[in-house]
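This is upload-v8.csv (CSV, C-alpha atoms).
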```
chain,number,residue,atom,x,y,z
Y,1,MET,CA,0.0,0.0,0.0
Y,2,HIS,CA,1.3,3.5,-0.9
Y,3,VAL,CA,1.6,5.6,2.2
Y,4,PRO,CA,1.0,9.3,1.2
Y,5,GLY,CA,4.3,11.1,1.3
Y,6,ALA,CA,6.4,8.0,1.1
Y,7,LYS,CA,9.1,7.8,-1.5
Y,8,ILE,CA,8.7,4.4,-3.1
Y,9,TYR,CA,10.8,5.2,-6.3
Y,10,ASP,CA,14.1,6.9,-6.5
Y,11,VAL,CA,13.4,8.1,-10.1
Y,12,VAL,CA,10.3,8.0,-12.2
Y,13,GLY,CA,10.7,8.7,-15.9
Y,14,LEU,CA,8.2,10.0,-18.4
Y,15,GLY,CA,9.1,9.5,-22.0
Y,16,VAL,CA,8.9,7.5,-25.2
Y,17,SER,CA,10.3,4.0,-25.4
Y,18,THR,CA,11.6,2.6,-28.7
Y,19,LEU,CA,13.0,-0.5,-30.2
Y,20,ASP,CA,16.4,0.0,-31.8
Y,21,LEU,CA,18.0,-2.0,-34.6
Y,22,PHE,CA,21.8,-1.5,-34.6
Y,23,MET,CA,24.0,-2.3,-37.6
Y,24,VAL,CA,27.8,-1.9,-37.4
Y,25,VAL,CA,29.1,-0.7,-40.8
Y,26,ASP,CA,32.4,0.3,-42.4
Y,27,GLU,CA,31.1,3.7,-43.6
Y,28,PHE,CA,27.8,5.6,-43.6
Y,29,PRO,CA,26.2,5.4,-47.0
Y,30,GLY,CA,26.4,8.6,-49.0
Y,31,MET,CA,24.8,7.1,-52.1
Y,32,GLU,CA,22.8,4.0,-53.2
Y,33,LEU,CA,24.7,0.9,-52.2
Y,34,VAL,CA,24.5,-2.6,-50.6
Y,35,GLN,CA,26.8,-3.0,-47.6
Y,36,ARG,CA,27.2,-6.0,-45.3
Y,37,ALA,CA,26.9,-5.2,-41.6
Y,38,GLN,CA,29.7,-6.4,-39.3
Y,39,ARG,CA,27.3,-7.0,-36.4
Y,40,SER,CA,23.7,-6.3,-35.5
Y,41,LEU,CA,21.6,-6.0,-32.4
Y,42,LEU,CA,18.0,-5.5,-31.5
Y,43,GLN,CA,17.5,-3.6,-28.2
Y,44,GLY,CA,15.2,-1.2,-26.4
Y,45,GLY,CA,16.0,2.5,-26.5
Y,46,GLY,CA,14.7,6.0,-25.9
Y,47,PRO,CA,16.5,8.7,-23.8
Y,48,ILE,CA,14.3,8.6,-20.7
Y,49,ALA,CA,13.8,4.8,-21.0
Y,50,THR,CA,17.5,4.1,-21.2
Y,51,ALA,CA,18.3,6.4,-18.3
Y,52,MET,CA,15.8,4.4,-16.2
Y,53,VAL,CA,17.7,1.2,-17.2
Y,54,ALA,CA,21.0,2.8,-16.3
Y,55,LEU,CA,19.7,3.8,-12.9
Y,56,SER,CA,18.2,0.4,-12.3
Y,57,ARG,CA,21.6,-1.3,-13.0
Y,58,LEU,CA,23.3,1.1,-10.6
Y,59,GLY,CA,20.8,0.0,-7.9
Y,60,CYS,CA,18.1,2.6,-7.9
Y,61,LYS,CA,14.4,1.8,-7.9
Y,62,THR,CA,12.8,3.1,-11.1
Y,63,ALA,CA,9.6,3.2,-13.0
Y,64,LEU,CA,8.6,4.5,-16.5
Y,65,ILE,CA,5.4,6.2,-17.6
Y,66,ASP,CA,4.7,5.6,-21.3
Y,67,LYS,CA,2.2,4.2,-23.9
Y,68,LEU,CA,3.3,1.3,-26.0
Y,69,GLY,CA,1.6,-0.4,-29.0
Y,70,ASP,CA,0.4,-4.0,-28.6
Y,71,ASP,CA,2.6,-5.1,-31.5
Y,72,TRP,CA,5.7,-7.3,-31.4
Y,73,ARG,CA,7.9,-4.2,-30.8
Y,74,GLY,CA,5.9,-3.2,-27.7
Y,75,LYS,CA,6.2,-6.7,-26.4
Y,76,LEU,CA,10.0,-6.8,-26.7
Y,77,ILE,CA,10.3,-3.4,-25.1
Y,78,LEU,CA,8.2,-4.4,-22.2
Y,79,GLU,CA,10.0,-7.7,-21.7
Y,80,GLU,CA,13.4,-5.9,-21.6
Y,81,PHE,CA,12.2,-3.5,-18.9
Y,82,GLU,CA,11.0,-6.4,-16.8
Y,83,ARG,CA,14.5,-8.1,-17.1
Y,84,GLU,CA,16.2,-4.9,-16.2
Y,85,GLY,CA,14.1,-4.3,-13.1
Y,86,VAL,CA,12.4,-1.1,-14.3
Y,87,SER,CA,8.8,-1.1,-13.0
Y,88,THR,CA,6.3,-1.6,-15.9
Y,89,GLU,CA,3.3,-0.9,-13.7
Y,90,PHE,CA,2.7,2.5,-15.4
Y,91,LEU,CA,3.2,1.3,-19.0
Y,92,THR,CA,-0.1,1.1,-20.9
Y,93,SER,CA,-0.7,-0.9,-24.1
Y,94,ALA,CA,-2.8,0.6,-26.9
Y,95,GLU,CA,-4.7,-2.0,-28.8
Y,96,SER,CA,-4.1,-2.2,-32.6
Y,97,HIS,CA,-1.3,0.4,-32.4
Y,98,THR,CA,2.4,0.3,-33.2
Y,99,SER,CA,5.5,1.2,-31.0
Y,100,SER,CA,8.4,3.3,-32.1
Y,101,ILE,CA,11.4,1.8,-33.9
Y,102,ALA,CA,14.7,3.1,-35.0
Y,103,SER,CA,17.5,1.9,-37.3
Y,104,ILE,CA,21.0,2.9,-36.0
Y,105,LEU,CA,24.1,2.7,-38.2
Y,106,VAL,CA,27.3,2.6,-36.1
Y,107,ARG,CA,30.6,3.3,-37.8
Y,108,LYS,CA,33.1,0.6,-36.9
Y,109,LEU,CA,36.1,3.0,-37.0
Y,110,ASP,CA,35.0,5.3,-34.2
Y,111,GLY,CA,31.6,4.4,-32.9
Y,112,ALA,CA,29.9,7.4,-34.5
Y,113,ARG,CA,26.3,6.8,-35.5
Y,114,THR,CA,23.5,7.9,-37.7
Y,115,ILE,CA,19.8,7.3,-36.7
Y,116,ILE,CA,16.7,6.8,-38.8
Y,117,TYR,CA,13.5,6.4,-36.8
Y,118,ALA,CA,9.8,5.7,-37.3
Y,119,PRO,CA,7.5,6.8,-34.5
Y,120,GLY,CA,4.7,4.5,-33.6
Y,121,ASP,CA,1.1,5.6,-34.3
Y,122,ILE,CA,0.1,6.0,-30.6
Y,123,ALA,CA,-1.3,9.3,-29.6
Y,124,GLU,CA,0.7,11.2,-27.0
Y,125,LEU,CA,0.0,10.5,-23.4
Y,126,ALA,CA,-2.6,13.0,-22.1
Y,127,PRO,CA,-2.4,14.6,-18.7
Y,128,SER,CA,-5.6,12.8,-17.7
Y,129,GLU,CA,-3.7,9.5,-18.4
Y,130,LEU,CA,-1.0,10.1,-15.8
Y,131,PRO,CA,-1.2,7.4,-13.2
Y,132,GLU,CA,-2.4,8.7,-9.8
Y,133,GLY,CA,0.0,8.9,-6.9
Y,134,VAL,CA,3.2,7.8,-8.7
Y,135,ILE,CA,4.9,11.2,-9.1
Y,136,PRO,CA,4.5,12.2,-5.4
Y,137,ALA,CA,6.1,8.7,-4.6
Y,138,ALA,CA,9.3,9.6,-6.4
Y,139,LYS,CA,12.4,11.4,-5.3
Y,140,ILE,CA,13.1,12.6,-8.9
Y,141,LEU,CA,10.9,13.0,-12.0
Y,142,HIS,CA,13.0,12.7,-15.2
Y,143,LEU,CA,11.6,13.8,-18.6
Y,144,ASN,CA,12.5,15.3,-21.9
Y,145,GLY,CA,9.3,16.8,-23.3
Y,146,ARG,CA,8.0,13.8,-25.2
Y,147,HIS,CA,4.3,13.6,-24.3
Y,148,LEU,CA,4.7,17.3,-23.7
Y,149,ALA,CA,1.3,18.1,-22.2
Y,150,ALA,CA,1.7,15.2,-19.8
Y,151,CYS,CA,5.2,16.3,-18.9
Y,152,LEU,CA,4.0,19.8,-18.0
Y,153,ALA,CA,1.3,18.4,-15.8
Y,154,ALA,CA,3.7,15.9,-14.2
Y,155,ALA,CA,6.3,18.6,-13.6
Y,156,ARG,CA,3.7,20.8,-11.9
Y,157,SER,CA,2.6,17.9,-9.7
Y,158,ALA,CA,6.2,17.2,-8.8
Y,159,LYS,CA,6.7,20.8,-7.8
Y,160,GLU,CA,3.6,20.6,-5.6
Y,161,HIS,CA,4.9,17.5,-3.8
Y,162,GLY,CA,8.6,18.5,-3.4
Y,163,VAL,CA,9.8,16.1,-6.1
Y,164,LEU,CA,13.0,17.2,-7.9
Y,165,VAL,CA,12.4,17.6,-11.7
Y,166,SER,CA,15.2,16.7,-14.1
Y,167,PHE,CA,15.2,17.6,-17.8
Y,168,ASP,CA,17.1,15.9,-20.7
Y,169,GLY,CA,17.7,18.2,-23.7
Y,170,GLY,CA,19.2,16.1,-26.5
Y,171,ALA,CA,21.1,17.5,-29.5
Y,172,HIS,CA,18.8,18.6,-32.3
Y,173,ARG,CA,15.7,18.3,-30.0
Y,174,TYR,CA,15.2,22.0,-29.1
Y,175,SER,CA,11.9,23.7,-29.7
Y,176,ASP,CA,10.4,26.9,-28.2
Y,177,GLN,CA,7.6,24.7,-26.8
Y,178,LEU,CA,10.1,23.2,-24.3
Y,179,ARG,CA,10.8,26.5,-22.6
Y,180,ALA,CA,7.7,26.2,-20.5
Y,181,LEU,CA,8.9,22.8,-19.3
Y,182,ILE,CA,12.4,24.0,-18.6
Y,183,GLU,CA,10.9,26.7,-16.3
Y,184,LEU,CA,9.6,23.8,-14.1
Y,185,THR,CA,12.9,22.1,-14.0
Y,186,ASP,CA,15.4,21.9,-11.1
Y,187,VAL,CA,18.2,20.0,-12.9
Y,188,CYS,CA,18.6,20.7,-16.6
Y,189,ILE,CA,21.2,18.5,-18.4
Y,190,VAL,CA,21.4,19.4,-22.1
Y,191,ALA,CA,23.6,18.7,-25.1
Y,192,ARG,CA,25.7,21.7,-26.2
Y,193,GLN,CA,23.8,22.0,-29.5
Y,194,PHE,CA,20.5,22.2,-27.5
Y,195,ALA,CA,21.9,24.9,-25.3
Y,196,TYR,CA,23.2,27.0,-28.2
Y,197,SER,CA,19.8,26.6,-30.0
Y,198,LEU,CA,18.0,27.9,-26.9
Y,199,SER,CA,20.3,30.9,-26.3
Y,200,GLY,CA,20.9,31.8,-29.9
Y,201,ALA,CA,24.6,32.2,-29.0
Y,202,GLU,CA,27.5,29.7,-29.6
Y,203,ASN,CA,28.9,30.4,-26.2
Y,204,LEU,CA,28.8,28.1,-23.1
Y,205,ASP,CA,28.6,30.8,-20.5
Y,206,ILE,CA,25.9,32.8,-22.2
Y,207,SER,CA,23.9,29.6,-22.9
Y,208,ALA,CA,24.2,28.5,-19.3
Y,209,CYS,CA,23.0,31.9,-18.0
Y,210,LYS,CA,20.0,31.8,-20.4
Y,211,LEU,CA,19.1,28.3,-19.1
Y,212,LEU,CA,19.5,29.3,-15.5
Y,213,ASP,CA,17.4,32.4,-16.1
Y,214,CYS,CA,14.6,30.0,-17.3
Y,215,GLY,CA,14.4,28.5,-13.8
Y,216,PRO,CA,16.7,25.5,-13.1
Y,217,ARG,CA,19.0,25.7,-10.2
Y,218,VAL,CA,21.6,23.4,-11.8
Y,219,VAL,CA,22.5,23.4,-15.5
Y,220,VAL,CA,24.8,20.8,-17.1
Y,221,ILE,CA,26.0,21.2,-20.7
Y,222,THR,CA,27.5,18.0,-22.3
Y,223,ALA,CA,29.7,17.7,-25.3
Y,224,GLY,CA,30.8,14.1,-25.7
Y,225,ILE,CA,34.5,13.5,-25.6
Y,226,GLU,CA,35.0,17.2,-24.7
Y,227,GLY,CA,33.3,16.5,-21.3
Y,228,SER,CA,30.7,18.5,-19.5
Y,229,TRP,CA,30.3,21.9,-17.8
Y,230,VAL,CA,28.3,22.3,-14.6
Y,231,PHE,CA,26.7,25.6,-13.6
Y,232,GLU,CA,24.6,26.5,-10.6
Y,233,ARG,CA,23.0,29.6,-9.2
Y,234,THR,CA,25.1,29.8,-6.1
Y,235,GLY,CA,28.4,28.3,-6.9
Y,236,ASP,CA,31.3,28.5,-9.4
Y,237,PRO,CA,31.0,26.6,-12.7
Y,238,PHE,CA,33.4,23.8,-13.4
Y,239,HIS,CA,34.4,21.5,-16.2
Y,240,GLN,CA,34.3,17.7,-15.9
Y,241,PRO,CA,36.5,16.0,-18.5
Y,242,ALA,CA,35.3,12.9,-20.3
Y,243,TYR,CA,37.2,9.7,-19.4
Y,244,PRO,CA,39.3,8.8,-22.4
Y,245,LEU,CA,39.2,5.1,-23.4
Y,246,ASP,CA,41.3,3.4,-26.0
Y,247,THR,CA,38.3,2.3,-28.1
Y,248,SER,CA,34.7,3.4,-28.5
Y,249,VAL,CA,32.5,0.7,-29.9
Y,250,ASP,CA,29.3,2.7,-30.0
Y,251,THR,CA,28.4,6.1,-28.6
Y,252,THR,CA,24.6,5.4,-28.6
Y,253,GLY,CA,23.1,6.0,-25.2
Y,254,ALA,CA,26.2,7.7,-23.8
Y,255,GLY,CA,24.2,10.8,-23.0
Y,256,ASP,CA,21.4,8.8,-21.5
Y,257,ALA,CA,23.9,6.9,-19.4
Y,258,TYR,CA,25.3,10.3,-18.2
Y,259,HIS,CA,21.9,11.4,-17.1
Y,260,GLY,CA,21.4,8.1,-15.2
Y,261,GLY,CA,24.8,8.5,-13.5
Y,262,PHE,CA,24.2,12.1,-12.5
Y,263,LEU,CA,20.7,11.4,-11.1
Y,264,TYR,CA,22.1,8.4,-9.2
Y,265,GLY,CA,24.5,10.9,-7.5
Y,266,MET,CA,21.6,13.3,-6.7
Y,267,VAL,CA,19.5,10.5,-5.2
Y,268,HIS,CA,22.4,9.7,-2.9
Y,269,ASP,CA,23.2,13.4,-2.1
Y,270,TYR,CA,26.6,13.5,-3.9
Y,271,SER,CA,28.2,16.9,-4.4
Y,272,LEU,CA,27.8,18.2,-7.9
Y,273,GLU,CA,31.5,17.5,-8.6
Y,274,LYS,CA,31.0,13.9,-7.6
Y,275,CYS,CA,27.8,13.6,-9.6
Y,276,ALA,CA,29.6,14.8,-12.7
Y,277,GLN,CA,32.5,12.4,-12.2
Y,278,PHE,CA,30.2,9.5,-11.6
Y,279,ALA,CA,28.1,10.4,-14.6
Y,280,SER,CA,31.1,10.7,-16.9
Y,281,ALA,CA,32.3,7.3,-15.8
Y,282,VAL,CA,29.0,5.6,-16.5
Y,283,ALA,CA,28.8,7.3,-19.9
Y,284,ALA,CA,32.4,6.2,-20.8
Y,285,LEU,CA,31.8,2.6,-19.8
Y,286,ASN,CA,28.6,2.5,-21.9
Y,287,THR,CA,30.5,3.1,-25.1
Y,288,GLN,CA,32.4,-0.2,-24.8
Y,289,LYS,CA,29.7,-2.4,-26.4
Y,290,LEU,CA,27.3,-2.3,-29.3
Y,291,GLY,CA,23.9,-0.8,-28.2
Y,292,GLY,CA,22.7,2.0,-26.0
Y,293,ARG,CA,22.3,-0.3,-23.0
Y,294,SER,CA,24.6,-3.3,-23.5
Y,295,ALA,CA,27.5,-1.9,-21.4
Y,296,LEU,CA,25.6,0.1,-18.8
Y,297,PRO,CA,27.6,-0.6,-15.7
Y,298,SER,CA,26.7,-1.6,-12.1
Y,299,PHE,CA,27.6,0.6,-9.2
Y,300,ASP,CA,30.6,-1.7,-8.3
Y,301,GLN,CA,31.9,-1.5,-11.9
Y,302,THR,CA,31.6,2.2,-11.9
Y,303,VAL,CA,33.4,2.6,-8.6
Y,304,ALA,CA,36.2,0.2,-9.8
Y,305,PHE,CA,36.6,2.3,-13.0
Y,306,LEU,CA,36.8,5.5,-11.1
Y,307,THR,CA,39.4,4.0,-8.7
Y,308,GLU,CA,41.5,2.8,-11.7
Y,309,THR,CA,41.3,6.2,-13.5
Y,310,GLY,CA,42.1,8.3,-10.4
Y,311,GLY,CA,38.5,9.7,-10.0
Y,312,GLN,CA,36.5,10.0,-6.8
Y,313,PRO,CA,34.8,6.7,-6.1
```
Please go through the file and, once you have read it, give me the structure as structure tokens.
Amino acid sequence: MHVPGAKIYDVVGLGVSTLDLFMVVDEFPGMELVQRAQRSLLQGGGPIATAMVALSRLGCKTALIDKLGDDWRGKLILEEFEREGVSTEFLTSAESHTSSIASILVRKLDGARTIIYAPGDIAELAPSELPEGVIPAAKILHLNGRHLAACLAAARSAKEHGVLVSFDGGAHRYSDQLRALIELTDVCIVARQFAYSLSGAENLDISACKLLDCGPRVVVITAGIEGSWVFERTGDPFHQPAYPLDTSVDTTGAGDAYHGGFLYGMVHDYSLEKCAQFASAVAALNTQKLGGRSALPSFDQTVAFLTETGGQP
């Protein structure tokens, strides 16, 4: 039984789940051709969904709010969440509808990727469809603006119940509609391209100030191998370098892994410096296998990696 005010979940995510088909190729096609893939993999994806899997592997209790189709894609997505320990209690299935799918080409040389996606035909989750009681039962609500009306309603509910709101702003995903959601955000972690699009200036400091002016108390701007920059209202900004590894098999999901690692730190009251270190380690480790989730580490693996690389375990 849910006791009012009790925090049952560490993090609840609200976003769209996908099924991803990965193909490792020698080069991205620039013209009509037939090319044999080196390897392939079918795996669940989606930024918020993958962050929930990352948190679950690290040891957090997580749940996802989303609508799936009742097709074969939706069934595979659901089964993977169940294996990973992400609560599926708030995932609804829409009869005679399809779930989202993406085809991801991964370049063998450096793990770079190109993505082609086909959204399912399910209508966006409406605010009236949000499950009752789940958001107040979370320590953190994590979202990225998919199911936008529901995200706005969920964020307002989180604010009313003292739940921290975290926003994921991916590259090439900025739209003016998201400003209203960012205003309700406590922790805003965005790709550099997203930050520049919002601010209209290709400058980290200006972009961070614009984001902080929107409402968040913490802003993180990520830039892949260049690392991340953390800004807050009351402290000095700092740069967290990425952890260099000899090889990068696939960069898919590295940003989602970073979000998971950072939120893990916030759940456990880490300092912002330690949150960024931990997140960077989780992201680096996740590039070592094909797929956005294949190499998501456990807490012990992350600590061991930080110890080996001289970070703060």
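Considering the residues Y:Ala284, Y:Val11, Y:Leu21, Y:Val34 and counting all atoms listed in the file, Ala118 (chain Y) has its shortest atom-to-atom contact with Y:Leu21.
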Near-Leu181 (chain Y) list (8 Å; all atoms listed in the file; drop same-chain fewer than 4 positions) as a list of chain:residue names: Y:Gly145, Y:Cys151, Y:Leu152, Y:Ala155, Y:Gln177, Y:Thr185
- line: As a check of understanding: the span from CA of Val282 (chain Y) to CA of Ala242 (chain Y) is 10.4 Å
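Residues of protein, DNA and RNA with at least one atom no farther than 8 Å from (8.7, -0.7, -15.5) are, using all atoms listed in the file, Thr62, Ala63, Leu64, Ile65, Leu78, Phe81, Glu82, Gly85, Val86, Ser87, Thr88, Glu89, Phe90 and Leu91 of chain Y.
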Output C-alpha atoms for every residue in the selection just made, as a PDB file, in the coordinates of the input.
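Contents of selection16.pdb, freshly written:
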```
ATOM      1  CA  THR Y  62      12.800   3.100 -11.100  1.00  0.00           C
ATOM      2  CA  ALA Y  63       9.600   3.200 -13.000  1.00  0.00           C
ATOM      3  CA  LEU Y  64       8.600   4.500 -16.500  1.00  0.00           C
ATOM      4  CA  ILE Y  65       5.400   6.200 -17.600  1.00  0.00           C
ATOM      5  CA  LEU Y  78       8.200  -4.400 -22.200  1.00  0.00           C
ATOM      6  CA  PHE Y  81      12.200  -3.500 -18.900  1.00  0.00           C
ATOM      7  CA  GLU Y  82      11.000  -6.400 -16.800  1.00  0.00           C
ATOM      8  CA  GLY Y  85      14.100  -4.300 -13.100  1.00  0.00           C
ATOM      9  CA  VAL Y  86      12.400  -1.100 -14.300  1.00  0.00           C
ATOM     10  CA  SER Y  87       8.800  -1.100 -13.000  1.00  0.00           C
ATOM     11  CA  THR Y  88       6.300  -1.600 -15.900  1.00  0.00           C
ATOM     12  CA  GLU Y  89       3.300  -0.900 -13.700  1.00  0.00           C
ATOM     13  CA  PHE Y  90       2.700   2.500 -15.400  1.00  0.00           C
ATOM     14  CA  LEU Y  91       3.200   1.300 -19.000  1.00  0.00           C
TER      15      LEU Y  91
END
```
message: Which residues are near Pro216 (chain Y)? Cut-off 6 Å, only C-alpha atoms, ignore same chain within fewer than 2 positions. Put them as number ranges by chain.
response: Y: 185-187, 212, 218
Show me, as a tab-separated table, the residues of region 184-292 of chain Y having an atom within 10 Å of region 41-55 of chain Y, each with the closest atom pair and its distance in Å, using all atoms listed in the file.
```
residue	atom	partner	partner_atom	distance
Y:Thr252	CA	Y:Gly45	CA	9.3
Y:Gly253	CA	Y:Thr50	CA	7.1
Y:Ala254	CA	Y:Ala51	CA	9.7
Y:Gly255	CA	Y:Pro47	CA	8.0
Y:Asp256	CA	Y:Ala51	CA	5.1
Y:Ala257	CA	Y:Ala51	CA	5.7
Y:Tyr258	CA	Y:Ala51	CA	8.0
Y:His259	CA	Y:Ala51	CA	6.3
Y:Gly260	CA	Y:Ala51	CA	4.7
Y:Gly261	CA	Y:Leu55	CA	7.0
Y:Phe262	CA	Y:Leu55	CA	9.4
Y:Leu263	CA	Y:Leu55	CA	7.9
Y:Tyr264	CA	Y:Leu55	CA	6.4
Y:Val282	CA	Y:Ala54	CA	8.5
Y:Ala283	CA	Y:Ala54	CA	9.7
Y:Asn286	CA	Y:Ala54	CA	9.4
Y:Leu290	CA	Y:Leu41	CA	7.5
Y:Gly291	CA	Y:Gln43	CA	7.0
Y:Gly292	CA	Y:Gly45	CA	6.7
```
Please dump the current selection as a PDB file, in the frame of the given file; keep C-alpha atoms.
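File part-v9.pdb, as written:
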```pdb
ATOM      1  CA  THR Y 252      24.600   5.400 -28.600  1.00  0.00           C
ATOM      2  CA  GLY Y 253      23.100   6.000 -25.200  1.00  0.00           C
ATOM      3  CA  ALA Y 254      26.200   7.700 -23.800  1.00  0.00           C
ATOM      4  CA  GLY Y 255      24.200  10.800 -23.000  1.00  0.00           C
ATOM      5  CA  ASP Y 256      21.400   8.800 -21.500  1.00  0.00           C
ATOM      6  CA  ALA Y 257      23.900   6.900 -19.400  1.00  0.00           C
ATOM      7  CA  TYR Y 258      25.300  10.300 -18.200  1.00  0.00           C
ATOM      8  CA  HIS Y 259      21.900  11.400 -17.100  1.00  0.00           C
ATOM      9  CA  GLY Y 260      21.400   8.100 -15.200  1.00  0.00           C
ATOM     10  CA  GLY Y 261      24.800   8.500 -13.500  1.00  0.00           C
ATOM     11  CA  PHE Y 262      24.200  12.100 -12.500  1.00  0.00           C
ATOM     12  CA  LEU Y 263      20.700  11.400 -11.100  1.00  0.00           C
ATOM     13  CA  TYR Y 264      22.100   8.400  -9.200  1.00  0.00           C
ATOM     14  CA  VAL Y 282      29.000   5.600 -16.500  1.00  0.00           C
ATOM     15  CA  ALA Y 283      28.800   7.300 -19.900  1.00  0.00           C
ATOM     16  CA  ASN Y 286      28.600   2.500 -21.900  1.00  0.00           C
ATOM     17  CA  LEU Y 290      27.300  -2.300 -29.300  1.00  0.00           C
ATOM     18  CA  GLY Y 291      23.900  -0.800 -28.200  1.00  0.00           C
ATOM     19  CA  GLY Y 292      22.700   2.000 -26.000  1.00  0.00           C
TER      20      GLY Y 292
END
```
Residues within 12 Å of (26.1, -2.1, -33.1), file coords, only C-alpha atoms, listed as a tab-separated table (two decimals) with C-alpha atoms, in the frame of the given file:
```tsv
chain	number	residue	atom	x	y	z
Y	20	ASP	CA	16.40	0.00	-31.80
Y	21	LEU	CA	18.00	-2.00	-34.60
Y	22	PHE	CA	21.80	-1.50	-34.60
Y	23	MET	CA	24.00	-2.30	-37.60
Y	24	VAL	CA	27.80	-1.90	-37.40
Y	25	VAL	CA	29.10	-0.70	-40.80
Y	26	ASP	CA	32.40	0.30	-42.40
Y	37	ALA	CA	26.90	-5.20	-41.60
Y	38	GLN	CA	29.70	-6.40	-39.30
Y	39	ARG	CA	27.30	-7.00	-36.40
Y	40	SER	CA	23.70	-6.30	-35.50
Y	41	LEU	CA	21.60	-6.00	-32.40
Y	42	LEU	CA	18.00	-5.50	-31.50
Y	43	GLN	CA	17.50	-3.60	-28.20
Y	103	SER	CA	17.50	1.90	-37.30
Y	104	ILE	CA	21.00	2.90	-36.00
Y	105	LEU	CA	24.10	2.70	-38.20
Y	106	VAL	CA	27.30	2.60	-36.10
Y	107	ARG	CA	30.60	3.30	-37.80
Y	108	LYS	CA	33.10	0.60	-36.90
Y	109	LEU	CA	36.10	3.00	-37.00
Y	110	ASP	CA	35.00	5.30	-34.20
Y	111	GLY	CA	31.60	4.40	-32.90
Y	112	ALA	CA	29.90	7.40	-34.50
Y	113	ARG	CA	26.30	6.80	-35.50
Y	114	THR	CA	23.50	7.90	-37.70
Y	115	ILE	CA	19.80	7.30	-36.70
Y	248	SER	CA	34.70	3.40	-28.50
Y	249	VAL	CA	32.50	0.70	-29.90
Y	250	ASP	CA	29.30	2.70	-30.00
Y	251	THR	CA	28.40	6.10	-28.60
Y	252	THR	CA	24.60	5.40	-28.60
Y	253	GLY	CA	23.10	6.00	-25.20
Y	287	THR	CA	30.50	3.10	-25.10
Y	288	GLN	CA	32.40	-0.20	-24.80
Y	289	LYS	CA	29.70	-2.40	-26.40
Y	290	LEU	CA	27.30	-2.30	-29.30
Y	291	GLY	CA	23.90	-0.80	-28.20
Y	292	GLY	CA	22.70	2.00	-26.00
Y	293	ARG	CA	22.30	-0.30	-23.00
Y	294	SER	CA	24.60	-3.30	-23.50
Y	295	ALA	CA	27.50	-1.90	-21.40
```
message: Ranking Y:Ile122, Y:Leu33, Y:Val220, Y:Ala153 by minimum distance to Arg192 (chain Y) and counting all atoms listed in the file, which one comes first?
response: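 The answer is Y:Val220, which sits nearest to Arg192 (chain Y).
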- prompt: What is the CA of Ser100 (chain Y) to CA of Pro131 (chain Y) distance in Å?
  reply: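 A separation of 21.6 Å between them.
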Neighbour list for Thr222 (chain Y) as a PyMOL selection string, cut-off 7 Å, all atoms listed in the file, skip fewer than 4 positions in-chain: chain Y and resi 190-192+227-229
task: Could you jot down the CA of Ser298 (chain Y) to CA of His268 (chain Y) separation for me, Å, one decimal place?
output: 15.2 Å
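The closest residue to Leu125 (chain Y), picked from Y:Ser99, Y:Thr302, Y:Thr309, Y:Thr92 and counting all atoms listed in the file, is Y:Thr92.
Distances to Lys210 (chain Y) were evaluated for Y:Glu308, Y:Asp236, Y:Glu183, Y:Glu84 using all atoms listed in the file, and the minimum falls at Y:Glu183.
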field: Of the listed residues Y:Gly235, Y:Pro136, Y:Gly69, Y:Gly74, that which approaches Glu95 (chain Y) most closely, counting only C-alpha atoms
entry: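 Checking each candidate against Glu95 (chain Y), we get Y:Gly69 as the closest.
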message: List as a list in words the protein and nucleic acid residues near Asp168 (chain Y), meaning an atom at most 7 Å away when only C-alpha atoms are counted, but skip any in the same chain fewer than 2 places from it.
response: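 Selected residues are Leu143, Asn144, Ser166, Gly170, Cys188, Ile189 and Val190 of chain Y.
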field: Pick from Y:Thr307, Y:Ile116, Y:Leu141, Y:Gln193 nearest to His161 (chain Y), counting all atoms listed in the file
entry: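 The closest residue to His161 (chain Y) is Y:Leu141.
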- request: Write out as a list of chain:residue names each polymer residue whose atoms come within 12 Å of Glu160 (chain Y), counting only C-alpha atoms; drop sequence neighbours fewer than 4 positions from it.
  value: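 Counting only the stated atoms, we get Y:Gly5, Y:Ile135, Y:Pro136, Y:Ala153, Y:Ala154, Y:Ala155, Y:Arg156, Y:Leu164, Y:Val165, Y:Leu184.
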